[in-house]
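Just query.cif here, mmCIF, C-alpha atoms and all ligand atoms:
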data_structure
#
loop_
_atom_site.label_atom_id
_atom_site.label_comp_id
_atom_site.auth_asym_id
_atom_site.auth_seq_id
_atom_site.Cartn_x
_atom_site.Cartn_y
_atom_site.Cartn_z
CA MET A 11 -71.06 27.29 8.54
CA ASN A 12 -72.78 27.10 11.95
CA ASP A 13 -71.12 28.82 14.90
CA VAL A 14 -68.10 26.87 16.08
CA TYR A 15 -67.47 26.60 19.82
CA ILE A 16 -64.07 25.21 20.76
CA LEU A 17 -63.36 24.05 24.30
CA ALA A 18 -59.63 24.67 24.75
CA ILE A 19 -57.22 23.40 27.38
CA GLU A 20 -53.79 24.86 28.29
CA THR A 21 -51.53 23.24 30.90
CA SER A 22 -48.04 23.63 29.40
CA CYS A 23 -46.43 25.33 32.40
CA ASP A 24 -47.87 26.67 35.65
CA GLU A 25 -51.35 27.83 34.59
CA THR A 26 -54.30 25.42 34.47
CA SER A 27 -56.57 27.12 31.97
CA MET A 28 -59.69 26.33 29.95
CA ALA A 29 -61.75 28.45 27.62
CA ILE A 30 -64.66 28.29 25.23
CA VAL A 31 -63.97 30.31 22.08
CA LYS A 32 -66.62 31.05 19.44
CA ASN A 33 -65.60 31.20 15.76
CA GLY A 34 -61.90 31.59 16.52
CA ASN A 35 -62.02 35.02 18.15
CA GLN A 36 -64.84 35.49 20.68
CA VAL A 37 -64.04 34.39 24.21
CA GLU A 38 -67.28 33.01 25.71
CA SER A 39 -65.67 31.77 28.91
CA LEU A 40 -62.15 31.71 30.32
CA THR A 41 -60.67 30.33 33.54
CA ILE A 42 -57.00 30.71 34.45
CA LEU A 43 -55.83 29.10 37.66
CA THR A 44 -52.24 30.13 38.26
CA GLN A 45 -49.81 28.24 40.47
CA MET A 46 -47.47 31.24 40.55
CA ASP A 47 -47.60 31.76 44.34
CA THR A 48 -46.64 28.14 45.02
CA HIS A 49 -43.67 28.20 42.63
CA ALA A 50 -42.56 31.61 43.92
CA ASN A 51 -41.51 29.82 47.13
CA PHE A 52 -38.91 27.92 45.09
CA GLY A 53 -37.75 30.80 42.86
CA GLY A 54 -39.12 29.15 39.70
CA VAL A 55 -41.47 26.47 38.38
CA VAL A 56 -40.95 23.00 39.95
CA PRO A 57 -42.15 20.59 37.22
CA GLU A 58 -43.26 17.79 39.57
CA ILE A 59 -45.36 20.18 41.66
CA ALA A 60 -46.80 21.80 38.52
CA SER A 61 -48.11 18.53 37.08
CA ARG A 62 -49.55 17.43 40.42
CA MET A 63 -51.38 20.73 40.80
CA HIS A 64 -52.77 20.50 37.25
CA THR A 65 -54.13 17.04 38.09
CA GLU A 66 -55.73 18.31 41.30
CA ASN A 67 -57.32 21.36 39.67
CA ILE A 68 -58.23 20.52 36.09
CA THR A 69 -61.71 19.14 36.81
CA MET A 70 -62.61 22.23 38.87
CA VAL A 71 -61.33 24.47 36.08
CA LEU A 72 -63.59 22.62 33.61
CA GLU A 73 -66.61 22.97 35.91
CA GLU A 74 -65.91 26.68 36.39
CA THR A 75 -65.47 27.28 32.64
CA LEU A 76 -68.83 25.68 31.89
CA ARG A 77 -70.53 27.38 34.86
CA LYS A 78 -69.64 30.84 33.49
CA THR A 79 -71.66 30.31 30.30
CA SER A 80 -75.06 29.02 29.28
CA LEU A 81 -73.32 26.64 26.87
CA THR A 82 -73.13 22.91 27.62
CA MET A 83 -70.95 20.13 26.22
CA ASP A 84 -73.68 19.59 23.57
CA ASN A 85 -72.82 23.01 22.07
CA ILE A 86 -69.09 22.25 21.86
CA SER A 87 -67.81 21.58 18.33
CA ALA A 88 -64.32 20.31 19.23
CA ILE A 89 -61.81 19.90 22.06
CA ALA A 90 -58.44 21.64 21.58
CA VAL A 91 -55.34 21.18 23.68
CA THR A 92 -51.74 22.38 23.88
CA TYR A 93 -49.58 19.31 23.19
CA ALA A 94 -46.17 21.09 22.82
CA PRO A 95 -43.86 22.67 23.84
CA GLY A 96 -43.71 22.87 27.63
CA LEU A 97 -43.17 20.77 30.74
CA LEU A 98 -43.90 17.17 29.79
CA GLY A 99 -45.75 16.19 32.96
CA SER A 100 -47.87 19.35 32.80
CA LEU A 101 -48.71 18.94 29.11
CA LEU A 102 -49.73 15.31 29.68
CA VAL A 103 -52.44 16.33 32.16
CA GLY A 104 -54.07 18.60 29.56
CA VAL A 105 -53.65 16.09 26.72
CA GLU A 106 -55.21 13.24 28.72
CA CYS A 107 -58.07 15.46 29.84
CA ALA A 108 -58.73 16.52 26.22
CA LYS A 109 -58.65 12.95 24.93
CA THR A 110 -61.04 11.83 27.67
CA LEU A 111 -63.50 14.65 26.89
CA ALA A 112 -63.26 13.96 23.14
CA LEU A 113 -63.93 10.27 23.73
CA VAL A 114 -66.77 10.65 26.23
CA TYR A 115 -68.60 13.40 24.31
CA ASN A 116 -67.65 12.13 20.85
CA LYS A 117 -66.00 15.40 19.70
CA PRO A 118 -63.05 15.94 17.33
CA LEU A 119 -59.68 16.52 19.02
CA ILE A 120 -57.36 19.35 17.92
CA ALA A 121 -53.65 19.46 18.83
CA VAL A 122 -52.30 23.01 19.20
CA ASN A 123 -48.69 24.20 19.38
CA HIS A 124 -48.37 26.64 22.31
CA THR A 125 -46.41 29.25 20.32
CA MET A 126 -49.12 29.27 17.65
CA GLY A 127 -51.54 29.97 20.50
CA HIS A 128 -49.59 33.10 21.49
CA ILE A 129 -49.71 34.31 17.87
CA TYR A 130 -53.46 33.73 17.55
CA ALA A 131 -54.18 35.65 20.76
CA ASN A 132 -53.94 38.59 18.34
CA ASN A 133 -57.22 37.49 16.73
CA ILE A 134 -59.18 38.22 19.91
CA ASP A 135 -61.05 41.55 19.54
CA CYS A 136 -59.25 42.13 16.21
CA LYS A 137 -58.26 40.27 13.07
CA ILE A 138 -54.72 39.37 12.03
CA GLU A 139 -54.02 40.99 8.66
CA TYR A 140 -51.78 38.96 6.34
CA PRO A 141 -48.95 39.07 5.47
CA THR A 142 -47.63 40.07 8.85
CA LEU A 143 -44.39 40.02 10.72
CA ALA A 144 -44.71 38.40 14.17
CA LEU A 145 -42.43 38.49 17.21
CA ILE A 146 -43.11 35.97 19.97
CA VAL A 147 -41.42 36.76 23.25
CA SER A 148 -42.09 34.45 26.19
CA GLY A 149 -40.43 32.42 28.92
CA GLY A 150 -39.51 29.77 26.37
CA HIS A 151 -39.28 31.63 23.05
CA THR A 152 -37.90 34.57 21.15
CA ASP A 153 -39.04 33.99 17.56
CA LEU A 154 -39.35 36.31 14.56
CA LEU A 155 -41.63 35.04 11.78
CA ILE A 156 -43.47 36.08 8.68
CA LEU A 157 -47.06 34.83 8.50
CA LYS A 158 -47.89 34.90 4.81
CA SER A 159 -51.40 33.55 5.34
CA GLU A 160 -53.30 31.49 7.93
CA SER A 161 -51.50 28.38 6.74
CA GLU A 162 -48.15 29.63 5.45
CA MET A 163 -45.29 30.81 7.66
CA GLU A 164 -41.60 31.45 7.39
CA SER A 165 -39.17 31.61 10.29
CA LEU A 166 -36.77 34.57 10.05
CA GLY A 167 -34.82 34.01 13.25
CA SER A 168 -34.91 33.08 16.89
CA THR A 169 -32.74 33.13 19.97
CA ILE A 170 -29.51 31.18 19.77
CA ASP A 171 -29.41 30.75 23.56
CA ASP A 172 -31.76 32.08 26.27
CA SER A 173 -35.21 33.47 25.61
CA VAL A 174 -35.85 37.06 26.60
CA GLY A 175 -38.44 36.03 29.24
CA GLU A 176 -35.99 33.62 30.83
CA VAL A 177 -33.45 36.43 31.13
CA TYR A 178 -36.03 38.79 32.69
CA ASP A 179 -36.66 36.04 35.27
CA LYS A 180 -32.94 35.36 35.96
CA VAL A 181 -32.05 39.06 36.25
CA ALA A 182 -34.99 39.53 38.63
CA ARG A 183 -33.79 36.61 40.74
CA VAL A 184 -30.25 37.96 41.09
CA LEU A 185 -31.77 41.31 42.10
CA GLY A 186 -33.77 39.54 44.84
CA MET A 187 -37.20 39.86 43.18
CA PRO A 188 -39.75 37.03 43.38
CA TYR A 189 -40.80 34.73 40.49
CA PRO A 190 -42.05 35.53 37.86
CA GLY A 191 -39.47 38.23 37.42
CA GLY A 192 -40.71 40.01 34.29
CA PRO A 193 -43.49 42.06 35.89
CA ASN A 194 -41.23 42.91 38.86
CA ILE A 195 -38.42 44.16 36.63
CA GLU A 196 -40.98 46.27 34.79
CA LYS A 197 -42.28 47.75 38.06
CA ALA A 198 -38.80 48.46 39.48
CA SER A 199 -37.63 50.07 36.25
CA LEU A 200 -40.37 52.70 36.51
CA GLN A 201 -38.45 54.17 39.45
CA GLY A 202 -35.01 53.76 37.82
CA CYS A 203 -32.68 55.56 35.42
CA ASP A 204 -30.69 53.98 32.61
CA THR A 205 -27.28 54.52 34.27
CA TYR A 206 -25.56 51.12 34.03
CA VAL A 207 -23.54 50.51 30.86
CA LEU A 208 -24.44 46.98 29.70
CA PRO A 209 -23.25 44.96 26.69
CA ARG A 210 -25.50 45.07 23.63
CA PRO A 211 -26.39 41.54 22.46
CA MET A 212 -25.86 40.43 18.82
CA LEU A 213 -24.93 43.67 17.11
CA ASP A 214 -25.26 42.00 13.71
CA ASP A 215 -27.66 42.04 10.80
CA SER A 216 -29.14 38.58 11.26
CA TYR A 217 -32.63 38.07 12.62
CA ASN A 218 -31.34 35.97 15.52
CA PHE A 219 -31.19 37.02 19.15
CA SER A 220 -28.77 36.23 21.95
CA TYR A 221 -29.38 37.05 25.59
CA SER A 222 -27.02 34.80 27.56
CA GLY A 223 -24.11 37.31 27.40
CA LEU A 224 -26.27 40.09 28.85
CA LYS A 225 -27.59 37.72 31.54
CA SER A 226 -24.10 36.55 32.59
CA TYR A 227 -22.78 40.12 32.60
CA ILE A 228 -25.53 41.24 35.01
CA ILE A 229 -25.15 38.20 37.29
CA ASN A 230 -21.37 38.77 37.49
CA LEU A 231 -21.80 42.51 38.03
CA VAL A 232 -24.17 41.93 40.97
CA HIS A 233 -21.91 39.29 42.55
CA ASN A 234 -18.78 41.43 42.14
CA GLU A 235 -20.43 44.54 43.57
CA LYS A 236 -21.74 42.52 46.54
CA GLN A 237 -18.27 41.06 47.20
CA ARG A 238 -16.79 44.55 47.19
CA GLY A 239 -19.49 45.70 49.59
CA ASN A 240 -20.86 48.16 47.00
CA GLU A 241 -24.54 49.00 46.81
CA ILE A 242 -26.55 47.85 43.76
CA ARG A 243 -29.03 50.45 42.55
CA ILE A 244 -31.75 47.88 41.86
CA SER A 245 -34.20 50.12 40.02
CA ASP A 246 -31.43 51.62 37.85
CA LEU A 247 -30.09 48.19 36.95
CA ALA A 248 -33.62 46.93 36.18
CA LYS A 249 -34.17 49.96 33.93
CA SER A 250 -30.80 49.64 32.18
CA PHE A 251 -31.41 45.93 31.55
CA GLN A 252 -34.89 46.60 30.18
CA VAL A 253 -33.61 49.31 27.81
CA VAL A 254 -30.96 47.00 26.31
CA ALA A 255 -33.23 43.93 26.14
CA VAL A 256 -36.11 45.81 24.50
CA ASP A 257 -33.87 47.85 22.21
CA GLU A 258 -32.52 44.62 20.73
CA LEU A 259 -36.02 43.31 20.02
CA VAL A 260 -37.05 46.62 18.42
CA ARG A 261 -33.85 46.79 16.34
CA LYS A 262 -34.35 43.32 14.80
CA VAL A 263 -38.03 43.94 14.04
CA GLU A 264 -37.09 47.27 12.45
CA LEU A 265 -34.47 45.52 10.31
CA ALA A 266 -37.08 43.01 9.11
CA ILE A 267 -39.55 45.81 8.32
CA LYS A 268 -36.91 47.71 6.33
CA ASN A 269 -35.76 44.60 4.43
CA THR A 270 -39.17 43.14 3.63
CA GLY A 271 -41.33 46.27 3.31
CA ILE A 272 -44.04 44.43 5.26
CA LYS A 273 -46.90 46.62 6.52
CA ASN A 274 -48.28 44.64 9.48
CA PHE A 275 -46.63 43.63 12.73
CA ILE A 276 -47.93 41.61 15.69
CA LEU A 277 -46.32 41.09 19.07
CA ALA A 278 -47.16 38.09 21.28
CA GLY A 279 -46.13 35.99 24.29
CA GLY A 280 -45.78 36.66 28.02
CA VAL A 281 -43.14 39.40 27.66
CA SER A 282 -45.48 41.33 25.33
CA ALA A 283 -47.40 42.26 28.51
CA ASN A 284 -44.50 44.66 29.18
CA ARG A 285 -45.69 48.23 28.66
CA TYR A 286 -42.25 49.61 27.79
CA LEU A 287 -41.81 46.97 25.06
CA ARG A 288 -45.32 47.64 23.75
CA SER A 289 -44.78 51.39 23.53
CA GLU A 290 -41.27 51.20 22.00
CA MET A 291 -42.52 48.76 19.32
CA GLU A 292 -45.53 50.92 18.59
CA LYS A 293 -43.36 54.04 18.20
CA MET A 294 -41.03 52.27 15.78
CA CYS A 295 -43.96 50.88 13.74
CA GLN A 296 -45.50 54.36 13.47
CA LYS A 297 -42.21 55.60 11.98
CA TYR A 298 -42.58 53.11 9.10
CA ASN A 299 -46.38 53.39 8.81
CA VAL A 300 -46.70 49.75 9.83
CA SER A 301 -49.85 48.64 11.64
CA PHE A 302 -49.03 47.39 15.12
CA HIS A 303 -51.06 44.90 17.13
CA VAL A 304 -50.57 43.24 20.50
CA PRO A 305 -53.11 41.28 22.57
CA ASN A 306 -54.88 42.74 25.57
CA ILE A 307 -52.54 42.15 28.56
CA LEU A 308 -54.82 39.35 29.88
CA TYR A 309 -54.17 37.32 26.72
CA CYS A 310 -50.37 37.88 26.58
CA THR A 311 -49.41 35.40 29.29
CA ASP A 312 -50.50 31.75 29.17
CA ASN A 313 -54.24 31.19 28.78
CA ALA A 314 -56.54 28.73 27.02
CA ALA A 315 -58.43 31.35 24.99
CA MET A 316 -55.43 31.74 22.68
CA ILE A 317 -55.39 27.94 22.20
CA GLY A 318 -59.06 28.05 21.17
CA CYS A 319 -58.22 30.78 18.62
CA ALA A 320 -55.27 28.85 17.16
CA ALA A 321 -57.42 25.70 16.93
CA TYR A 322 -60.03 27.38 14.72
CA PRO A 323 -58.09 27.29 11.40
CA LEU A 324 -57.22 23.66 12.14
CA TYR A 325 -60.93 22.95 12.73
CA LYS A 326 -61.85 24.59 9.43
CA ALA A 327 -59.17 22.55 7.64
CA LYS A 328 -60.40 19.39 9.46
CA LYS A 329 -56.89 18.80 10.83
CA PHE A 330 -57.91 16.59 13.73
CA ALA A 331 -55.69 14.53 16.01
CA ASP A 332 -56.39 10.93 16.94
CA PHE A 333 -56.15 9.23 20.33
CA SER A 334 -52.47 8.45 19.84
CA LEU A 335 -51.79 12.15 20.49
CA ASN A 336 -48.92 12.56 22.94
CA ALA A 337 -47.32 15.52 24.68
CA LYS A 338 -43.96 16.83 23.42
CA SER A 339 -41.71 18.91 25.64
CA SER A 340 -39.90 20.58 22.77
CA GLU A 341 -41.13 21.69 19.37
CA ASN A 342 -39.74 24.97 18.19
CA ILE A 343 -41.60 27.01 15.65
CA LYS A 344 -39.14 26.11 12.86
CA SER A 345 -39.82 22.38 13.24
CA TYR A 346 -43.56 23.07 13.58
CA ILE A 347 -43.51 24.97 10.26
CA GLU A 348 -41.56 22.18 8.55
CA LYS A 349 -43.98 19.53 9.87
CA ASN A 350 -47.07 21.40 8.69
O1 LIG B 401 -46.03 33.25 27.63
P1 LIG B 401 -45.72 33.00 29.04
O2 LIG B 401 -46.82 33.21 30.05
O3 LIG B 401 -45.18 31.55 29.26
C1 LIG B 401 -44.36 30.93 28.32
O4 LIG B 401 -44.88 30.47 27.29
O5 LIG B 401 -43.14 30.92 28.58
O6 LIG B 401 -44.47 33.94 29.39
C2 LIG B 401 -43.93 33.98 30.66
C3 LIG B 401 -42.79 34.95 30.64
C4 LIG B 401 -42.02 34.96 31.95
O7 LIG B 401 -40.64 34.92 31.64
C5 LIG B 401 -42.43 36.27 32.57
O8 LIG B 401 -41.43 36.83 33.42
C6 LIG B 401 -42.63 37.14 31.33
O9 LIG B 401 -43.28 36.27 30.42
N1 LIG B 401 -43.47 38.30 31.60
C7 LIG B 401 -43.01 39.58 31.51
C8 LIG B 401 -44.08 40.41 31.91
N2 LIG B 401 -45.14 39.62 32.22
C9 LIG B 401 -44.75 38.33 32.02
N3 LIG B 401 -41.81 40.06 31.16
C10 LIG B 401 -41.64 41.41 31.16
N4 LIG B 401 -42.61 42.26 31.54
C11 LIG B 401 -43.83 41.83 31.92
N5 LIG B 401 -44.77 42.67 32.29
ZN ZN B 402 -46.61 30.87 26.81
#
As structure tokens, how would this structure be written, given the file I've shared?
Amino acid sequence: MNDVYILAIETSCDETSMAIVKNGNQVESLTILTQMDTHANFGGVVPEIASRMHTENITMVLEETLRKTSLTMDNISAIAVTYAPGLLGSLLVGVECAKTLALVYNKPLIAVNHTMGHIYANNIDCKIEYPTLALIVSGGHTDLLILKSESEMESLGSTIDDSVGEVYDKVARVLGMPYPGGPNIEKASLQGCDTYVLPRPMLDDSYNFSYSGLKSYIINLVHNEKQRGNEIRISDLAKSFQVVAVDELVRKVELAIKNTGIKNFILAGGVSANRYLRSEMEKMCQKYNVSFHVPNILYCTDNAAMIGCAAYPLYKAKKFADFSLNAKSSENIKSYIEKN
């Protein structure tokens, strides 16, 4: 087969991103325009502002992505786009842009699920070995899966309430840190000690996760201490939260490794940029002689390169979308697996 160049588009939340990916794992060009600073003024992503900013910026992001390479639209084999899940108005900007490019340049269109994109970020600079266990931890997801092959997956469990990224962001907010909270909690915790006693979520043997109890406990603790005029040791609380949150992720992955005997594990999603999580997972995997892989930090948070990687197996299988493709705000990995 000739080299395959996929032009990929990602606009599911507050990053306008495009990439050109060669043969499913080589990033030829990548542009990520983040709206983070704008949304930080409001303490979180404002959907209406996000979609307007995608509309304003997407053409410039395309120009920039092409400018960074010697490739032209003639070299592009297909146009891939995130169609779900995410903010509807934001997704629609990417989907319409992809359809227009596919129509004008007469290229096949590939619809990519955002969570699959996070998983396939692990193919950049490396190759996913099957079968593998996969944990996706992001602002919208906490999912544990087994990938049996490129086309066969099984969901083991997921969060029954909040995602771990969402809780990082909420805890950061109550501690007075700007959006997005995850990196700020990580930074503060480097100066802190694990001195707060916090409830452990879901002390059971299922593969599901629950973070809302931990979140509510911390919000109440901060409010109560403030009312009493007591000082909150921000770095200590950030550290204590991170220890409990990460420990729960490690414990469930360890349980799955013990029960299945699987020898490969990949971590993915925005929260996988967290160095403490990365090192705790790696330590646990070493204990069981399980190979551990996580994307380079650049490819952990939202980016279009991962969408180009996830589109490649669909390109090979000729699974193309038609122009009726629409954006979908919700599509969890379980329903994606059932559909495919
Ligand atoms: O994958 P992502 O960019 O967007 C979604 O698909 O949701 O993930 C964003 C989430 C946010 O909750 C953000 O706070 C979290 O990932 N995050 C982190 C770190 N970097 C990003 N959480 C903990 N530590 C980090 N270093
Ligand atoms: Zn994401």
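Minimum atom-to-atom distances from A:Thr41, A:Pro95, A:Ser148, A:Glu58 to Tyr346 (chain A) were compared using all atoms listed in the file, and the lowest value belongs to A:Pro95.
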Every residue with an atom at most 8 Å from (-66.4, 26.3, 21.2) (file coordinates; only C-alpha atoms) is what I'm after, so could you write them as a PyMOL selection string? chain A and resi 14-18+30-33+85-89+318
Closest to Lys268 (chain A) among A:Gln36, A:Asn299, A:Lys180, A:Ala255, using only C-alpha atoms?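 Distance minimum relative to Lys268 (chain A) lands on A:Asn299.
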Would you mind listing what lies within 6 Å of Leu145 (chain A) as a ChimeraX atom specification, with only C-alpha atoms counted and same-chain residues fewer than 3 positions away left out? /A:153-154,277
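Distance annotation: of A:Val260, A:Ala50, A:Ile146, A:Ile347, the residue with the minimal separation from ligand ZN 402 (chain B) is A:Ile146; atom set is only C-alpha atoms and all ligand atoms.
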At most 6 Å from ligand ZN 402 (chain B) (all atoms listed in the file): residue list as a PDB file with C-alpha atoms, keeping the file's coordinate frame:
ATOM      1  CA  SER A 148     -42.090  34.450  26.190  1.00  0.00           C
ATOM      2  CA  GLY A 279     -46.130  35.990  24.290  1.00  0.00           C
ATOM      3  CA  GLY A 280     -45.780  36.660  28.020  1.00  0.00           C
ATOM      4  CA  THR A 311     -49.410  35.400  29.290  1.00  0.00           C
ATOM      5  CA  ASP A 312     -50.500  31.750  29.170  1.00  0.00           C
TER       6      ASP A 312
END
Would you mind telling me which residue in A:Gly167, A:Pro141, A:Pro209, A:Gly104 lies nearest to Leu265 (chain A) when using only C-alpha atoms? A:Gly167
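Using all atoms listed in the file as the basis for the distance check, residues found within 7 Å of ligand LIG 401 (chain B) are A:Ser148, A:Gly149, A:Gly150, A:His151, A:Gly175, A:Glu176, A:Tyr178, A:Asp179, A:Pro190, A:Gly191, A:Gly192, A:Pro193, A:Ile195, A:Glu196, A:Gly279, A:Gly280, A:Val281, A:Ser282, A:Ala283, A:Asn284, A:Arg285, A:Cys310, A:Thr311, A:Asp312.
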I'd like the contact shell of Asn35 (chain A) - 8 Å cut-off, all atoms listed in the file, skipping same-chain residues fewer than 5 positions apart - returned as an NGL selection string. :A and (133-136 or 319)
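CA of Asp47 (chain A) lies 26.8 Å from CA of His233 (chain A).
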If I put a ball of radius 6 Å at (-36.9, 40.7, 22.4) in the file's coordinates, which residues poke into it when counting all atoms listed in the file, written as a count of residues only? 3
Please provide the set of residues having any atom within 12 Å of Ser345 (chain A), restricted to only C-alpha atoms, with same-chain residues fewer than 4 positions apart removed, written as a compact mmCIF listing (two decimals) with C-alpha atoms, in the coordinates of the input.
# COMPACT_ATOMS: atom_id res chain seq x y z
CA ALA A 94 -46.17 21.09 22.82
CA PRO A 95 -43.86 22.67 23.84
CA ASN A 123 -48.69 24.20 19.38
CA THR A 125 -46.41 29.25 20.32
CA MET A 163 -45.29 30.81 7.66
CA GLU A 164 -41.60 31.45 7.39
CA SER A 165 -39.17 31.61 10.29
CA SER A 340 -39.90 20.58 22.77
CA GLU A 341 -41.13 21.69 19.37
CA LYS A 349 -43.98 19.53 9.87
CA ASN A 350 -47.07 21.40 8.69
Tell me which of A:Ser289, A:Thr152, A:Thr26, A:Ser168 sits closest to Met70 (chain A), counting all atoms listed in the file.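 That would be A:Thr26, the residue with the smallest distance to Met70 (chain A).
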Nearest to Leu308 (chain A): which of A:Ile59, A:Leu40, A:Val105, A:Leu208 is it, counting all atoms listed in the file?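 Smallest separation from Leu308 (chain A) among the options: A:Leu40.
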Between CA of Ser173 (chain A) and CA of Thr48 (chain A), what distance in Å does the model show, to one decimal? 23.1 Å
Give me the residues within 8 Å of Glu25 (chain A) as a PyMOL selection string, counting only C-alpha atoms and dropping any in the same chain fewer than 4 places off. chain A and resi 20-21+42-46+64+312-313
Point-to-point distance from CA of Thr92 (chain A) to CA of His128 (chain A), Å rounded to tenths: 11.2 Å
Non-local contacts of Phe330 (chain A) (9 Å; only C-alpha atoms; under 2 positions in same chain excluded) as JSON, numbers by chain: {"A": [118, 119, 120, 121, 324, 325, 327, 328, 332]}
Final all heavy atoms of region 176-182 of chain A as a PDB file, in the coordinates of the input:
ATOM      1  N   GLU A 176     -36.851  34.345  29.892  1.00  0.00           N
ATOM      2  CA  GLU A 176     -35.990  33.620  30.830  1.00  0.00           C
ATOM      3  C   GLU A 176     -34.976  34.583  31.458  1.00  0.00           C
ATOM      4  O   GLU A 176     -34.680  34.516  32.648  1.00  0.00           O
ATOM      5  CB  GLU A 176     -35.256  32.576  29.980  1.00  0.00           C
ATOM      6  CG  GLU A 176     -34.677  31.400  30.681  1.00  0.00           C
ATOM      7  CD  GLU A 176     -34.056  30.473  29.622  1.00  0.00           C
ATOM      8  OE1 GLU A 176     -34.484  30.459  28.440  1.00  0.00           O
ATOM      9  OE2 GLU A 176     -33.099  29.779  29.992  1.00  0.00           O
ATOM     10  N   VAL A 177     -34.458  35.488  30.643  1.00  0.00           N
ATOM     11  CA  VAL A 177     -33.450  36.430  31.130  1.00  0.00           C
ATOM     12  C   VAL A 177     -34.090  37.469  32.068  1.00  0.00           C
ATOM     13  O   VAL A 177     -33.511  37.831  33.096  1.00  0.00           O
ATOM     14  CB  VAL A 177     -32.680  37.066  29.949  1.00  0.00           C
ATOM     15  CG1 VAL A 177     -31.694  38.102  30.426  1.00  0.00           C
ATOM     16  CG2 VAL A 177     -31.956  35.970  29.195  1.00  0.00           C
ATOM     17  N   TYR A 178     -35.304  37.913  31.749  1.00  0.00           N
ATOM     18  CA  TYR A 178     -36.030  38.790  32.690  1.00  0.00           C
ATOM     19  C   TYR A 178     -36.125  38.075  34.045  1.00  0.00           C
ATOM     20  O   TYR A 178     -35.890  38.671  35.104  1.00  0.00           O
ATOM     21  CB  TYR A 178     -37.454  39.072  32.178  1.00  0.00           C
ATOM     22  CG  TYR A 178     -37.634  40.410  31.500  1.00  0.00           C
ATOM     23  CD1 TYR A 178     -37.515  40.540  30.123  1.00  0.00           C
ATOM     24  CD2 TYR A 178     -37.930  41.556  32.235  1.00  0.00           C
ATOM     25  CE1 TYR A 178     -37.706  41.764  29.490  1.00  0.00           C
ATOM     26  CE2 TYR A 178     -38.111  42.783  31.614  1.00  0.00           C
ATOM     27  CZ  TYR A 178     -37.996  42.879  30.242  1.00  0.00           C
ATOM     28  OH  TYR A 178     -38.168  44.090  29.626  1.00  0.00           O
ATOM     29  N   ASP A 179     -36.477  36.787  34.015  1.00  0.00           N
ATOM     30  CA  ASP A 179     -36.660  36.040  35.270  1.00  0.00           C
ATOM     31  C   ASP A 179     -35.343  35.852  36.028  1.00  0.00           C
ATOM     32  O   ASP A 179     -35.299  35.977  37.250  1.00  0.00           O
ATOM     33  CB  ASP A 179     -37.314  34.671  34.990  1.00  0.00           C
ATOM     34  CG  ASP A 179     -38.748  34.815  34.488  1.00  0.00           C
ATOM     35  OD1 ASP A 179     -39.363  35.873  34.728  1.00  0.00           O
ATOM     36  OD2 ASP A 179     -39.251  33.876  33.852  1.00  0.00           O
ATOM     37  N   LYS A 180     -34.245  35.583  35.298  1.00  0.00           N
ATOM     38  CA  LYS A 180     -32.940  35.360  35.960  1.00  0.00           C
ATOM     39  C   LYS A 180     -32.392  36.675  36.527  1.00  0.00           C
ATOM     40  O   LYS A 180     -31.839  36.697  37.628  1.00  0.00           O
ATOM     41  CB  LYS A 180     -31.923  34.784  34.960  1.00  0.00           C
ATOM     42  CG  LYS A 180     -32.279  33.401  34.444  1.00  0.00           C
ATOM     43  CD  LYS A 180     -31.719  32.310  35.335  1.00  0.00           C
ATOM     44  CE  LYS A 180     -32.388  30.947  35.123  1.00  0.00           C
ATOM     45  NZ  LYS A 180     -32.274  30.408  33.773  1.00  0.00           N
ATOM     46  N   VAL A 181     -32.539  37.755  35.772  1.00  0.00           N
ATOM     47  CA  VAL A 181     -32.050  39.060  36.250  1.00  0.00           C
ATOM     48  C   VAL A 181     -32.851  39.453  37.498  1.00  0.00           C
ATOM     49  O   VAL A 181     -32.297  39.922  38.495  1.00  0.00           O
ATOM     50  CB  VAL A 181     -32.138  40.134  35.135  1.00  0.00           C
ATOM     51  CG1 VAL A 181     -31.896  41.524  35.691  1.00  0.00           C
ATOM     52  CG2 VAL A 181     -31.143  39.831  34.018  1.00  0.00           C
ATOM     53  N   ALA A 182     -34.159  39.202  37.463  1.00  0.00           N
ATOM     54  CA  ALA A 182     -34.990  39.530  38.630  1.00  0.00           C
ATOM     55  C   ALA A 182     -34.515  38.733  39.852  1.00  0.00           C
ATOM     56  O   ALA A 182     -34.412  39.261  40.959  1.00  0.00           O
ATOM     57  CB  ALA A 182     -36.451  39.196  38.331  1.00  0.00           C
TER      58      ALA A 182
END
